[in-house]
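Have a look at data-v6.cif below; it lists mmCIF, C-alpha atoms and all ligand atoms.
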```cif
data_input
loop_
_atom_site.label_atom_id
_atom_site.label_comp_id
_atom_site.auth_asym_id
_atom_site.auth_seq_id
_atom_site.Cartn_x
_atom_site.Cartn_y
_atom_site.Cartn_z
CA MET A 20 -4.60 -46.04 4.24
CA LYS A 21 -4.39 -46.50 0.45
CA TYR A 22 -1.33 -44.96 -1.21
CA SER A 23 -1.53 -42.90 -4.40
CA PHE A 24 0.86 -43.79 -7.25
CA ILE A 25 3.40 -41.17 -6.17
CA GLU A 26 3.19 -42.34 -2.53
CA LYS A 27 3.88 -45.92 -3.67
CA VAL A 28 7.03 -44.70 -5.41
CA LEU A 29 8.18 -42.49 -2.53
CA PHE A 30 7.36 -44.98 0.23
CA PRO A 31 8.01 -48.52 -1.00
CA PRO A 32 6.70 -51.26 1.30
CA THR A 33 8.61 -52.19 4.44
CA TYR A 34 8.65 -55.96 4.97
CA ILE A 35 8.99 -57.18 8.53
CA ASN A 36 10.51 -60.56 9.29
CA ASP A 37 7.95 -61.53 11.90
CA ARG A 38 10.04 -64.38 13.29
CA LYS A 39 13.11 -62.15 13.78
CA LEU A 40 11.09 -59.35 15.37
CA ARG A 41 9.34 -61.78 17.71
CA SER A 42 12.54 -63.45 18.86
CA GLU A 43 14.47 -60.15 19.17
CA LEU A 44 11.79 -58.56 21.34
CA TYR A 45 10.87 -61.64 23.40
CA GLY A 46 10.79 -60.53 27.05
CA LYS A 47 12.14 -57.07 26.21
CA THR A 48 10.95 -53.87 27.90
CA ILE A 49 10.26 -50.96 25.56
CA ILE A 50 9.36 -47.36 26.44
CA ILE A 51 7.36 -45.48 23.80
CA THR A 52 6.81 -41.78 24.46
CA GLY A 53 3.83 -40.17 22.73
CA ALA A 54 1.97 -43.47 22.43
CA SER A 55 -1.54 -42.00 22.55
CA SER A 56 -1.73 -40.95 18.90
CA GLY A 57 -0.28 -41.19 15.40
CA ILE A 58 3.02 -43.03 14.96
CA GLY A 59 3.47 -43.92 18.65
CA GLU A 60 -0.01 -45.43 18.86
CA GLN A 61 0.55 -47.52 15.70
CA LEU A 62 3.90 -48.69 17.07
CA ALA A 63 2.23 -49.73 20.34
CA PHE A 64 -0.38 -51.73 18.40
CA LEU A 65 2.26 -53.38 16.23
CA LEU A 66 4.47 -54.39 19.17
CA GLY A 67 1.39 -55.22 21.23
CA ASN A 68 1.09 -58.51 19.30
CA LEU A 69 4.46 -59.69 20.63
CA ASN A 70 5.61 -61.16 23.93
CA CYS A 71 7.25 -58.01 25.18
CA HIS A 72 6.60 -55.39 27.86
CA LEU A 73 5.49 -51.93 26.73
CA ILE A 74 5.65 -48.78 28.83
CA LEU A 75 3.49 -46.14 27.18
CA VAL A 76 3.59 -42.48 28.16
CA ALA A 77 1.63 -39.44 26.93
CA ARG A 78 -0.69 -36.83 28.45
CA ARG A 79 -4.09 -38.32 27.51
CA HIS A 80 -4.82 -40.94 30.15
CA GLU A 81 -8.05 -42.15 28.52
CA LYS A 82 -6.26 -42.86 25.21
CA LEU A 83 -3.57 -44.81 27.04
CA LEU A 84 -6.24 -46.79 28.92
CA GLU A 85 -7.94 -47.65 25.61
CA LEU A 86 -4.64 -48.90 24.22
CA GLN A 87 -3.98 -50.95 27.34
CA GLU A 88 -7.39 -52.56 26.99
CA GLN A 89 -6.97 -53.30 23.28
CA ILE A 90 -3.49 -54.81 23.48
CA GLN A 91 -3.82 -58.49 24.31
CA THR A 92 -0.42 -60.17 24.00
CA ALA A 93 2.17 -57.73 25.32
CA LYS A 94 2.24 -56.63 28.95
CA VAL A 95 1.37 -52.92 28.99
CA ASP A 96 2.11 -50.31 31.66
CA ILE A 97 0.79 -46.83 31.06
CA PHE A 98 1.87 -43.57 32.63
CA PRO A 99 -0.02 -40.33 31.90
CA ALA A 100 2.35 -37.38 32.09
CA ASP A 101 3.03 -34.04 30.47
CA LEU A 102 6.66 -34.61 29.59
CA ARG A 103 7.25 -30.87 29.23
CA ASN A 104 6.72 -30.54 32.94
CA PRO A 105 9.90 -31.36 34.94
CA ALA A 106 7.90 -32.54 37.99
CA GLU A 107 5.77 -34.94 35.91
CA ARG A 108 8.89 -36.19 34.12
CA LYS A 109 10.47 -36.86 37.49
CA ASP A 110 7.39 -38.86 38.57
CA PHE A 111 7.64 -40.93 35.40
CA LEU A 112 11.34 -41.60 35.92
CA THR A 113 10.72 -42.52 39.58
CA PHE A 114 8.03 -44.96 38.40
CA ILE A 115 10.57 -46.50 35.99
CA HIS A 116 13.17 -46.83 38.76
CA GLU A 117 10.79 -48.28 41.31
CA THR A 118 8.92 -50.74 39.14
CA HIS A 119 11.24 -51.84 36.37
CA GLU A 120 14.48 -53.71 36.65
CA LYS A 121 15.44 -53.33 33.03
CA ILE A 122 14.77 -51.20 29.97
CA ASP A 123 15.85 -52.53 26.58
CA ILE A 124 14.58 -49.94 24.09
CA PHE A 125 13.69 -46.27 24.46
CA VAL A 126 11.66 -44.82 21.59
CA ASN A 127 11.74 -41.02 21.66
CA ASN A 128 8.58 -40.23 19.74
CA ALA A 129 6.49 -37.66 21.68
CA GLY A 130 6.61 -34.39 19.83
CA LEU A 131 4.95 -31.10 19.06
CA SER A 132 5.01 -29.26 15.74
CA ILE A 133 4.10 -25.60 15.25
CA LYS A 134 3.74 -23.88 11.90
CA ARG A 135 3.82 -20.12 12.37
CA SER A 136 5.52 -17.23 10.65
CA ILE A 137 8.16 -15.36 12.63
CA PHE A 138 6.04 -12.23 12.17
CA ASP A 139 3.11 -13.95 13.87
CA SER A 140 5.43 -15.13 16.63
CA LEU A 141 6.75 -11.80 17.86
CA ASP A 142 4.70 -12.02 21.07
CA ARG A 143 4.88 -15.84 21.27
CA PHE A 144 8.22 -16.73 22.85
CA HIS A 145 6.33 -19.56 24.59
CA ASP A 146 6.06 -21.39 21.21
CA PHE A 147 9.84 -21.73 21.20
CA GLU A 148 9.86 -22.74 24.87
CA ARG A 149 7.20 -25.43 24.49
CA THR A 150 8.71 -27.04 21.38
CA MET A 151 12.13 -27.12 23.04
CA ALA A 152 10.53 -28.49 26.22
CA ILE A 153 9.00 -31.55 24.56
CA ASN A 154 11.24 -32.08 21.52
CA TYR A 155 14.60 -31.42 23.22
CA PHE A 156 14.68 -31.09 27.02
CA ALA A 157 12.24 -33.95 27.72
CA PRO A 158 14.20 -36.66 25.84
CA VAL A 159 17.53 -35.35 27.15
CA ASP A 160 16.30 -35.40 30.76
CA MET A 161 14.72 -38.85 30.41
CA LEU A 162 17.79 -40.35 28.76
CA LEU A 163 20.10 -39.08 31.49
CA THR A 164 18.18 -41.42 33.81
CA ILE A 165 17.55 -44.23 31.32
CA ILE A 166 21.06 -44.53 29.80
CA PRO A 167 22.36 -46.64 32.76
CA PHE A 168 19.45 -49.09 32.23
CA LEU A 169 20.30 -49.27 28.52
CA GLU A 170 23.97 -49.78 29.34
CA ASN A 171 23.06 -52.81 31.48
CA SER A 172 20.84 -54.31 28.82
CA LYS A 173 23.04 -53.32 25.84
CA GLY A 174 19.85 -51.66 24.66
CA GLN A 175 18.78 -49.28 21.93
CA ILE A 176 17.70 -45.64 21.63
CA ILE A 177 15.41 -44.92 18.70
CA ASN A 178 14.84 -41.28 17.88
CA VAL A 179 11.84 -40.42 15.72
CA SER A 180 13.21 -37.47 13.79
CA THR A 181 12.27 -35.71 10.59
CA ILE A 182 13.86 -35.33 7.15
CA ASN A 183 13.74 -31.58 7.75
CA THR A 184 16.79 -31.92 10.01
CA LEU A 185 18.72 -33.12 6.93
CA LEU A 186 17.57 -30.38 4.55
CA ILE A 187 17.47 -26.59 4.32
CA PRO A 188 15.10 -25.47 7.11
CA PHE A 189 11.62 -24.53 5.90
CA PRO A 190 10.20 -21.08 6.61
CA ARG A 191 7.36 -20.91 9.19
CA PHE A 192 8.68 -23.94 11.12
CA ALA A 193 11.49 -22.26 13.08
CA ALA A 194 10.28 -23.48 16.50
CA TYR A 195 9.72 -27.10 15.45
CA GLN A 196 12.77 -27.51 13.26
CA ALA A 197 15.20 -25.91 15.71
CA SER A 198 13.98 -28.19 18.52
CA LYS A 199 14.08 -31.39 16.43
CA GLN A 200 17.53 -30.41 15.17
CA ALA A 201 18.69 -29.77 18.74
CA PHE A 202 17.89 -33.31 19.87
CA ASP A 203 19.23 -34.87 16.69
CA THR A 204 22.54 -33.04 17.24
CA TRP A 205 22.58 -34.02 20.93
CA LEU A 206 22.17 -37.66 19.99
CA GLN A 207 24.71 -37.55 17.13
CA SER A 208 27.22 -36.09 19.55
CA ALA A 209 26.53 -38.78 22.18
CA ILE A 210 26.49 -41.73 19.74
CA PRO A 211 30.21 -42.67 19.84
CA GLU A 212 30.14 -42.74 23.65
CA LEU A 213 26.86 -44.67 23.76
CA ASN A 214 28.03 -47.19 21.15
CA ASP A 215 31.25 -47.66 23.10
CA LYS A 216 29.17 -48.84 26.07
CA GLY A 217 27.15 -51.21 23.89
CA ILE A 218 24.08 -48.98 23.48
CA ARG A 219 22.77 -49.00 19.92
CA THR A 220 21.23 -45.88 18.43
CA THR A 221 18.85 -45.42 15.53
CA SER A 222 17.75 -42.12 13.99
CA ILE A 223 14.57 -42.38 11.96
CA TYR A 224 14.29 -39.46 9.54
CA LEU A 225 10.65 -39.53 8.54
CA PRO A 226 8.99 -37.70 5.66
CA LEU A 227 5.52 -36.23 6.06
CA VAL A 228 3.37 -38.78 7.91
CA ARG A 229 -0.44 -38.74 7.86
CA THR A 230 -1.17 -38.23 11.61
CA PRO A 231 -3.10 -35.74 13.75
CA MET A 232 0.10 -33.65 13.90
CA ILE A 233 -0.26 -32.50 10.27
CA LYS A 234 -4.05 -32.00 10.32
CA PRO A 235 -3.96 -28.26 11.15
CA THR A 236 -2.02 -27.59 7.89
CA ALA A 237 -4.62 -27.76 5.10
CA SER A 238 -2.00 -27.80 2.31
CA TYR A 239 -0.65 -31.14 3.62
CA GLU A 240 -3.92 -32.88 2.76
CA LYS A 241 -2.95 -33.14 -0.89
CA MET A 242 0.75 -33.77 -0.36
CA PRO A 243 2.20 -37.30 -0.47
CA ALA A 244 2.51 -38.68 3.06
CA MET A 245 3.54 -41.96 4.63
CA SER A 246 0.92 -43.73 6.75
CA ALA A 247 1.44 -43.90 10.52
CA HIS A 248 1.29 -47.70 10.30
CA HIS A 249 4.07 -47.70 7.70
CA ALA A 250 6.19 -45.43 9.91
CA ALA A 251 5.59 -47.84 12.83
CA LYS A 252 6.81 -50.73 10.66
CA VAL A 253 9.95 -48.78 9.73
CA ILE A 254 10.65 -48.16 13.43
CA SER A 255 9.96 -51.72 14.59
CA LYS A 256 12.14 -53.20 11.82
CA THR A 257 15.17 -51.31 13.20
CA MET A 258 14.66 -53.18 16.49
CA TYR A 259 16.05 -56.36 14.88
CA THR A 260 18.16 -54.94 12.03
CA ARG A 261 19.82 -52.51 14.48
CA ARG A 262 20.17 -50.13 11.58
CA ARG A 263 21.74 -46.81 12.61
CA GLN A 264 19.57 -44.64 10.39
CA PHE A 265 16.46 -44.73 8.29
CA LYS A 266 16.09 -42.09 5.55
CA PRO A 267 13.68 -42.17 2.61
CA TRP A 268 15.54 -43.37 -0.53
CA TYR A 269 15.22 -40.00 -2.28
CA ILE A 270 16.60 -37.86 0.52
CA GLY A 271 20.22 -38.08 -0.67
CA SER A 272 19.38 -36.00 -3.74
CA GLY A 273 17.44 -33.57 -1.52
CA GLN A 274 20.52 -33.17 0.69
CA LEU A 275 22.73 -32.58 -2.34
CA ALA A 276 20.26 -30.03 -3.72
CA SER A 277 20.19 -28.36 -0.27
CA VAL A 278 23.91 -27.71 -0.63
CA LEU A 279 24.08 -26.94 -4.35
CA PHE A 280 20.94 -24.88 -4.76
CA ARG A 281 20.66 -23.10 -1.42
CA GLY A 282 20.78 -19.65 -3.06
CA VAL A 283 18.19 -20.63 -5.67
CA TRP A 284 15.92 -22.06 -2.99
CA GLU A 285 16.22 -18.90 -0.90
CA ARG A 286 15.18 -16.77 -3.89
CA VAL A 287 12.35 -19.14 -4.94
CA GLY A 288 11.19 -19.50 -1.32
CA LYS A 289 11.04 -15.71 -0.98
CA LYS A 290 8.97 -15.43 -4.17
CA LEU A 291 6.59 -18.19 -3.00
CA LEU A 292 6.10 -16.49 0.36
CA GLN A 293 5.46 -13.13 -1.34
CA LYS A 294 2.84 -14.79 -3.60
CA ARG A 295 0.97 -16.17 -0.58
N1 LIG B 1 3.57 -36.44 11.26
C1 LIG B 1 4.66 -36.09 10.57
O1 LIG B 1 4.57 -35.62 9.40
C2 LIG B 1 6.02 -36.32 11.15
C3 LIG B 1 7.13 -36.25 10.29
C4 LIG B 1 8.40 -36.45 10.80
C5 LIG B 1 8.57 -36.70 12.15
N2 LIG B 1 7.48 -36.74 12.98
C6 LIG B 1 7.71 -36.98 14.40
O2 LIG B 1 6.97 -38.13 14.80
C7 LIG B 1 6.69 -38.05 16.20
C8 LIG B 1 5.24 -38.44 16.43
O3 LIG B 1 4.40 -37.51 15.81
P1 LIG B 1 2.98 -37.87 15.19
O4 LIG B 1 2.99 -37.41 13.80
O5 LIG B 1 2.60 -39.25 15.51
O6 LIG B 1 2.08 -36.80 15.98
P2 LIG B 1 0.81 -36.93 16.93
O7 LIG B 1 -0.19 -37.86 16.36
O8 LIG B 1 0.43 -35.53 17.21
O9 LIG B 1 1.42 -37.61 18.24
C9 LIG B 1 2.24 -36.91 19.11
C10 LIG B 1 2.35 -37.72 20.38
O10 LIG B 1 3.18 -37.00 21.30
C11 LIG B 1 2.50 -36.89 22.54
N3 LIG B 1 2.86 -35.65 23.21
C12 LIG B 1 2.84 -34.40 22.68
N4 LIG B 1 3.16 -33.51 23.64
C13 LIG B 1 3.38 -34.22 24.77
C14 LIG B 1 3.72 -33.87 26.09
N5 LIG B 1 3.90 -32.58 26.45
N6 LIG B 1 3.87 -34.83 27.01
C15 LIG B 1 3.69 -36.15 26.67
N7 LIG B 1 3.36 -36.54 25.43
C16 LIG B 1 3.21 -35.59 24.50
C17 LIG B 1 1.02 -36.88 22.17
O11 LIG B 1 0.22 -37.36 23.24
P3 LIG B 1 -0.73 -36.48 24.18
O12 LIG B 1 -1.32 -35.41 23.33
O13 LIG B 1 -1.71 -37.46 24.72
O14 LIG B 1 0.18 -35.96 25.22
C18 LIG B 1 0.99 -37.92 21.04
O15 LIG B 1 0.89 -39.21 21.57
C19 LIG B 1 7.02 -36.61 16.61
O16 LIG B 1 8.26 -36.62 17.30
C20 LIG B 1 7.19 -35.87 15.29
O17 LIG B 1 8.10 -34.80 15.39
C21 LIG B 1 6.21 -36.56 12.50
#
```

If you convert what's in this file into structure tokens, what do you get?
Amino acid sequence: MKYSFIEKVLFPPTYINDRKLRSELYGKTIIITGASSGIGEQLAFLLGNLNCHLILVARRHEKLLELQEQIQTAKVDIFPADLRNPAERKDFLTFIHETHEKIDIFVNNAGLSIKRSIFDSLDRFHDFERTMAINYFAPVDMLLTIIPFLENSKGQIINVSTINTLLIPFPRFAAYQASKQAFDTWLQSAIPELNDKGIRTTSIYLPLVRTPMIKPTASYEKMPAMSAHHAAKVISKTMYTRRRQFKPWYIGSGQLASVLFRGVWERVGKKLLQKR
């Protein structure tokens, strides 16, 4: 994907030290949730060139099979499952217990976004249930099983989050943002305890990324967006830098503006919504 001028400024290149990544991940076992599309798929391809062991999970079995066929170097296990469903999650975790002695890295990437006004959601409580199910309850439930593996391996949890959790919440994204925020807060709360046991944690706060997730929103087509491959590079780099957080360089000023200009934003936001 070719970047526009503004995208080049907003998303400067991420350089990977191939030798460091290779040696860090040699023989390691990495779970990637939501590997059938977008960022997770690109991450699987990127790590697929290394001597590591990937466990890929998502609902679409045929997409996972394609990935397994295309990846040549890494060992790849696939597990089709709807992670919103507690019974299917349990099957996945049983598979992990029965067939894997160690897990080194857990990448929480599977996610669902919904853009819908509150006034179009009055009879759609299930939107809030399904975003919480995949964006919050699924990673919490999986980690409760996987944390002991990570404690043994002194492993790493990587959470694929969004810059929205750092800024004033956007209208029309209540279901998505609340669920992403919920897991981010869960992890932030657990971090001191996890770190104390030698488990590293990384929160990746991504900007808009050009993936199937944003396709339904026509206005995103013209907005600057990171490529899924770039996002995968950002994630894989943290596997050897062990960085605690990734945030786009400009987000600090956005966070400051969120605090200083909250009132202004609320008035402008209201006007913009009225216009539409
Ligand atoms: N795109 C963005 O602008 C953006 C920005 C910031 C953060 N993020 C975060 O990045 C992560 C990846 O998103 P993406 O942009 O790559 O979107 P995507 O292309 O839609 O991929 C989402 C992945 O999650 C999987 N998934 C969704 N529901 C699932 C379920 N119930 N059970 C199992 N797997 C499920 C999907 O696989 P199946 O459909 O096969 O199940 C797919 O592999 C998400 O956590 C998202 O919140 C995205």

Could you give me, as an mmCIF file with C-alpha atoms, in the frame of the given file, every polymer residue with an atom at most 6 Å away from an atom of ligand LIG 1 (chain B), counting all atoms listed in the file?
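Wrote it out as part14.cif, contents follow:
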```
data_model
loop_
_atom_site.group_PDB
_atom_site.id
_atom_site.type_symbol
_atom_site.label_atom_id
_atom_site.label_comp_id
_atom_site.auth_asym_id
_atom_site.auth_seq_id
_atom_site.Cartn_x
_atom_site.Cartn_y
_atom_site.Cartn_z
ATOM 1 C CA GLY A 53 3.830 -40.170 22.730
ATOM 2 C CA ALA A 54 1.970 -43.470 22.430
ATOM 3 C CA SER A 55 -1.540 -42.000 22.550
ATOM 4 C CA SER A 56 -1.730 -40.950 18.900
ATOM 5 C CA GLY A 57 -0.280 -41.190 15.400
ATOM 6 C CA ILE A 58 3.020 -43.030 14.960
ATOM 7 C CA GLY A 59 3.470 -43.920 18.650
ATOM 8 C CA ALA A 77 1.630 -39.440 26.930
ATOM 9 C CA ARG A 78 -0.690 -36.830 28.450
ATOM 10 C CA ARG A 79 -4.090 -38.320 27.510
ATOM 11 C CA ALA A 100 2.350 -37.380 32.090
ATOM 12 C CA ASP A 101 3.030 -34.040 30.470
ATOM 13 C CA LEU A 102 6.660 -34.610 29.590
ATOM 14 C CA ARG A 103 7.250 -30.870 29.230
ATOM 15 C CA ASN A 128 8.580 -40.230 19.740
ATOM 16 C CA ALA A 129 6.490 -37.660 21.680
ATOM 17 C CA GLY A 130 6.610 -34.390 19.830
ATOM 18 C CA LEU A 131 4.950 -31.100 19.060
ATOM 19 C CA ILE A 153 9.000 -31.550 24.560
ATOM 20 C CA VAL A 179 11.840 -40.420 15.720
ATOM 21 C CA SER A 180 13.210 -37.470 13.790
ATOM 22 C CA THR A 181 12.270 -35.710 10.590
ATOM 23 C CA LEU A 225 10.650 -39.530 8.540
ATOM 24 C CA PRO A 226 8.990 -37.700 5.660
ATOM 25 C CA LEU A 227 5.520 -36.230 6.060
ATOM 26 C CA VAL A 228 3.370 -38.780 7.910
ATOM 27 C CA ARG A 229 -0.440 -38.740 7.860
ATOM 28 C CA THR A 230 -1.170 -38.230 11.610
ATOM 29 C CA PRO A 231 -3.100 -35.740 13.750
ATOM 30 C CA MET A 232 0.100 -33.650 13.900
ATOM 31 C CA ILE A 233 -0.260 -32.500 10.270
#
```

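CA of Lys252 in chain A to CA of Ile218 in chain A spans 21.6 Å [interatomic distance, one decimal].
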
Determine, counting only C-alpha atoms, which protein, DNA and RNA residues have an atom within 12 Å of an atom of Gly288 in chain A; residues of the same chain fewer than 5 positions away are not included. Present the result as a VMD selection string. chain A and resid 187 to 191 280 to 283 293 to 295

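Nearest to Tyr269 in chain A of all the residues A:Glu120, A:Ile74, A:Ile49, A:Tyr224 is A:Tyr224, counting all atoms listed in the file.
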
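Minimum atom-to-atom distances from A:Leu75, A:Ile122, A:Ala194, A:Val159 to Arg143 in chain A were compared using all atoms listed in the file, and the lowest value belongs to A:Ala194.
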
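Around Phe125 in chain A, within 10 Å and counting all atoms listed in the file, the residues found are Thr48, Ile49, Ile50, Ile51, Thr52, Ile74, Pro158, Met161, Leu162, Ile165, Ile166, Leu169, Gly174, Gln175, Ile176, Ile177, Asn178 and Thr220 of chain A, once anything fewer than 6 positions away on its own chain is removed.
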
Between CA of Tyr195 in chain A and CA of Asp146 in chain A - distance in Å to one decimal: 8.9 Å

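Nearest to Arg108 in chain A of all the residues A:Leu84, A:Ala157, A:Leu213, A:Asn127 is A:Ala157, based on all atoms listed in the file.
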
Could you pull the residues within 9 Å of Lys173 in chain A, counting all atoms listed in the file, minus those fewer than 2 positions along the same chain, as a PDB file with C-alpha atoms, in the coordinates of the input?
```pdb
ATOM      1  CA  ASP A 123      15.850 -52.530  26.580  1.00  0.00           C
ATOM      2  CA  PHE A 168      19.450 -49.090  32.230  1.00  0.00           C
ATOM      3  CA  LEU A 169      20.300 -49.270  28.520  1.00  0.00           C
ATOM      4  CA  GLU A 170      23.970 -49.780  29.340  1.00  0.00           C
ATOM      5  CA  ASN A 171      23.060 -52.810  31.480  1.00  0.00           C
ATOM      6  CA  GLN A 175      18.780 -49.280  21.930  1.00  0.00           C
ATOM      7  CA  LYS A 216      29.170 -48.840  26.070  1.00  0.00           C
ATOM      8  CA  GLY A 217      27.150 -51.210  23.890  1.00  0.00           C
ATOM      9  CA  ILE A 218      24.080 -48.980  23.480  1.00  0.00           C
ATOM     10  CA  ARG A 219      22.770 -49.000  19.920  1.00  0.00           C
TER      11      ARG A 219
END
```

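Proximity ranking of A:Ser277, A:Ser255, A:Ser172, A:Thr221 relative to Asp37 in chain A places A:Ser255 first, based on all atoms listed in the file.
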
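Between CA of Met151 in chain A and CA of Leu112 in chain A the interatomic distance comes to 19.4 Å.
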
Identify which of the residues A:Ser272, A:Gln200, A:Gln91, A:Asn104 lies closest to Asn70 in chain A, counting all atoms listed in the file when measuring atom-to-atom distances. A:Gln91

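Closest approach to Ile25 in chain A among A:Arg41, A:Lys256, A:Lys82, A:Lys241: A:Lys241, based on all atoms listed in the file.
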
Given 3 Å on each side, where is the centre and what are the edge lengths in Å to one decimal of the axis-aligned box enclosing the listed atoms of range 40-43 of chain A, as JSON?
```
{"center_x": 11.9, "center_y": -61.4, "center_z": 17.3, "size_x": 11.1, "size_y": 10.1, "size_z": 9.8}
```

What's the 10 Å shell around Glu43 in chain A, counting all atoms listed in the file, without same-chain residues fewer than 6 positions away, as number ranges by chain? A: 37, 71, 258-260

Same residues, C-alpha atoms, saved as a tab-separated table (two decimals), in the frame of the given file:
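Result file selection_26.tsv:
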```
chain	number	residue	atom	x	y	z
A	37	ASP	CA	7.95	-61.53	11.90
A	71	CYS	CA	7.25	-58.01	25.18
A	258	MET	CA	14.66	-53.18	16.49
A	259	TYR	CA	16.05	-56.36	14.88
A	260	THR	CA	18.16	-54.94	12.03
```
